Amino acid sequence: MNPVLEVRDVVKSFGAVRALRGVSLSLDQGEVLGLVGDNGAGKSTLVNVVSGTLRPDAGQILVDGVERTFESPSEARAHGIETVFQFLSLVPTLDIAENIFLNRELYGPGPALRAVRRMDKSEMQRRVHQGFDRLGLTLPSPKTKVAALSGGQRQAVAIARVVLWGSHIVLMDEPAAALGVRQTEIVLSFVERLKSQGVAVMFISHNMEHVMRVSDRIVVMRLGEKVADVPKSETNALELVGKITGALVER
């Protein structure tokens with residue numbers, strides 16, 4: 001079975017700075033891949049390349065075994081790749097269902113109401129409720145305004161939105177940063193549930209405890225290179241920190 005995502009020998013430079021130096025990695029269906037590294041290691045650049053925000057100077061990106069070239073994030077989304085950033089693109093004054101269906105609103109019921117573009121909020125709320133049940137996600141009613149949610153609940157809504165719209169590869173860039181303990185638990189528990197749904201997740205975090213909890217495999221980047229790619233069962237947080245800092249180098 002082909003990995004759902006492959007990055008092969010990707011290179012990206014900004015002037016004289018080589019942000020990515022021939023990085024290769026893969027991600028399987030239903031796998032959580034932890035991506036760790038210090039500031040400047042190339043993590044964000046790699047995420048931006050995979051998500052279509054940046055074009056690589058060289059290398060390949062394959063989705064479901066087929067090489068793809070993304071000119072924009074919308075093209076990446078069309079092939080099932082979504083990115084959830086620390087700073088969310090939710091609208092606080094709208095409710096959960098309206099945020100889930102943002103720019104995909106349902107109108108009706110019936111041709112007359114569709115013609116005047118009256119939103120079918122009941123149907124939108126029903127579908128969101130069904131989707132949350134499928135994901136095993138416990139959140140307030142879809143009618144709840146996002147402004148009334150905790151930080152963890154908002155992050156869960158942002159993640160659910162990309163999954164409910166059919167994305168099977170989700171990139172998460174520091175999804176639990178600046179959240180409290182309870183809010184962080186909401187996000188980490190949701191990441192764990194995604195595996196059973198067959199969703200592939202790339203989980204970027206500076207928090208080794210979070211990475212060790214949710215990841216199946218961990219990739220360490222340093223100075224634009226991949227310096228380790230190991231199953232979680234074969235490493236520990238202290239060893240990972242040594243590889244991140246360069247104190248421990250793989251032979």
# chains A, B, ... in the order shown; residues from 1 in each chain; ligands from 1
$ residues_around --residues "stretch 134-149 of chain A" --least-positions-apart "5" --cutoff "9 Å" --atoms "only C-alpha atoms" --output "VMD selection string"
chain A and resid 90 to 99 121 124 to 126 128 to 129 154 156 to 157 160 163 to 164 190 193 to 194 196 to 197
$ residues_around --residues "A:Asn39" --least-positions-apart "2" --cutoff "12 Å" --atoms "only C-alpha atoms" --output "PDB file with C-alpha atoms, in the first residue's frame"
ATOM      1  CA  ALA A  19      15.761  26.137   4.618  1.00  0.00           C
ATOM      2  CA  VAL A  36      10.006  18.150  15.859  1.00  0.00           C
ATOM      3  CA  GLY A  37      12.974  20.496  15.704  1.00  0.00           C
ATOM      4  CA  ALA A  41      15.021  23.663  11.696  1.00  0.00           C
ATOM      5  CA  GLY A  42      12.766  23.886   8.620  1.00  0.00           C
ATOM      6  CA  LYS A  43       9.519  22.532  10.065  1.00  0.00           C
ATOM      7  CA  SER A  44       7.363  25.494   9.063  1.00  0.00           C
ATOM      8  CA  THR A  45       8.947  25.675   5.621  1.00  0.00           C
ATOM      9  CA  ILE A 204       4.236  19.685  14.675  1.00  0.00           C
ATOM     10  CA  SER A 205       5.013  20.634  18.265  1.00  0.00           C
ATOM     11  CA  HIS A 206       7.779  21.827  20.577  1.00  0.00           C
ATOM     12  CA  MET A 221      14.704  18.107  11.734  1.00  0.00           C
ATOM     13  CA  ARG A 222      17.822  20.180  12.320  1.00  0.00           C
ATOM     14  CA  LEU A 223      19.188  23.013  10.181  1.00  0.00           C
ATOM     15  CA  GLY A 224      16.982  22.079   7.227  1.00  0.00           C
ATOM     16  CA  ILE A 244      17.206  18.328  18.035  1.00  0.00           C
ATOM     17  CA  THR A 245      20.152  20.143  19.624  1.00  0.00           C
TER      18      THR A 245
END
$ residues_around --residues "A:Val214" --least-positions-apart "6" --cutoff "9 Å" --atoms "only C-alpha atoms" --output "MDAnalysis selection string"
chainID A and resid 32:34 188:189 191:192 203
$ residues_around --residues "A:Glu6" --least-positions-apart "4" --cutoff "7 Å" --atoms "only C-alpha atoms" --output "tab-separated table (two decimals) with N, CA and C atoms, in the first residue's frame"
chain	number	residue	atom	x	y	z
A	25	LEU	N	10.27	12.26	3.54
A	25	LEU	CA	9.53	11.56	4.59
A	25	LEU	C	8.24	11.03	3.99
A	26	SER	N	7.57	10.16	4.74
A	26	SER	CA	6.31	9.58	4.27
A	26	SER	C	5.32	9.54	5.42
A	27	LEU	N	4.05	9.43	5.06
A	27	LEU	CA	2.96	9.41	6.04
A	27	LEU	C	1.92	8.41	5.57
A	61	ILE	N	6.41	15.91	-4.36
A	61	ILE	CA	5.36	15.63	-3.38
A	61	ILE	C	4.37	14.68	-4.02
A	62	LEU	N	4.14	13.54	-3.39
A	62	LEU	CA	3.19	12.56	-3.90
A	62	LEU	C	2.04	12.40	-2.93
A	63	VAL	N	0.83	12.43	-3.45
A	63	VAL	CA	-0.38	12.19	-2.68
A	63	VAL	C	-1.04	10.93	-3.22
$ select_by_dssp --residues "stretch 47-176 of chain A" --states "alpha helix (DSSP H)" --output "number ranges by chain"
A: 47-50, 73-78, 96-100, 111-115, 121-135, 151-164
$ residues_around --residues "A:Tyr107" --least-positions-apart "4" --cutoff "9 Å" --atoms "only C-alpha atoms" --output "count of residues only"
10
$ select_by_dssp --residues "stretch 192-233 of chain A" --states "strand (DSSP E)" --output "ChimeraX atom specification"
/A:200-204,217-222,225-231
$ write_last_selection --atoms "C-alpha atoms" --output "CSV table (one decimal), in the first residue's frame"
chain,number,residue,atom,x,y,z
A,200,ALA,CA,-3.2,10.8,8.4
A,201,VAL,CA,-1.8,13.5,10.7
A,202,MET,CA,1.5,15.4,10.7
A,203,PHE,CA,1.7,16.8,14.2
A,204,ILE,CA,4.2,19.7,14.7
A,217,ARG,CA,6.5,7.8,14.5
A,218,ILE,CA,8.7,10.9,15.0
A,219,VAL,CA,10.8,12.8,12.5
A,220,VAL,CA,13.5,15.2,13.8
A,221,MET,CA,14.7,18.1,11.7
A,222,ARG,CA,17.8,20.2,12.3
A,225,GLU,CA,17.8,18.4,7.3
A,226,LYS,CA,16.0,15.3,8.5
A,227,VAL,CA,18.3,13.8,11.2
A,228,ALA,CA,16.1,11.1,12.6
A,229,ASP,CA,13.0,9.1,11.6
A,230,VAL,CA,12.0,6.6,14.3
A,231,PRO,CA,9.0,4.7,15.7
$ residues_around --residues "A:Ser167" --least-positions-apart "2" --cutoff "8 Å" --atoms "only C-alpha atoms" --output "ChimeraX atom specification"
/A:77,79-82,162-165,169-170,199
$ closest_residue --among "A:Lys232, A:Leu5, A:Glu71, A:Pro56" --to "A:His168" --atoms "only C-alpha atoms"
A:Leu5
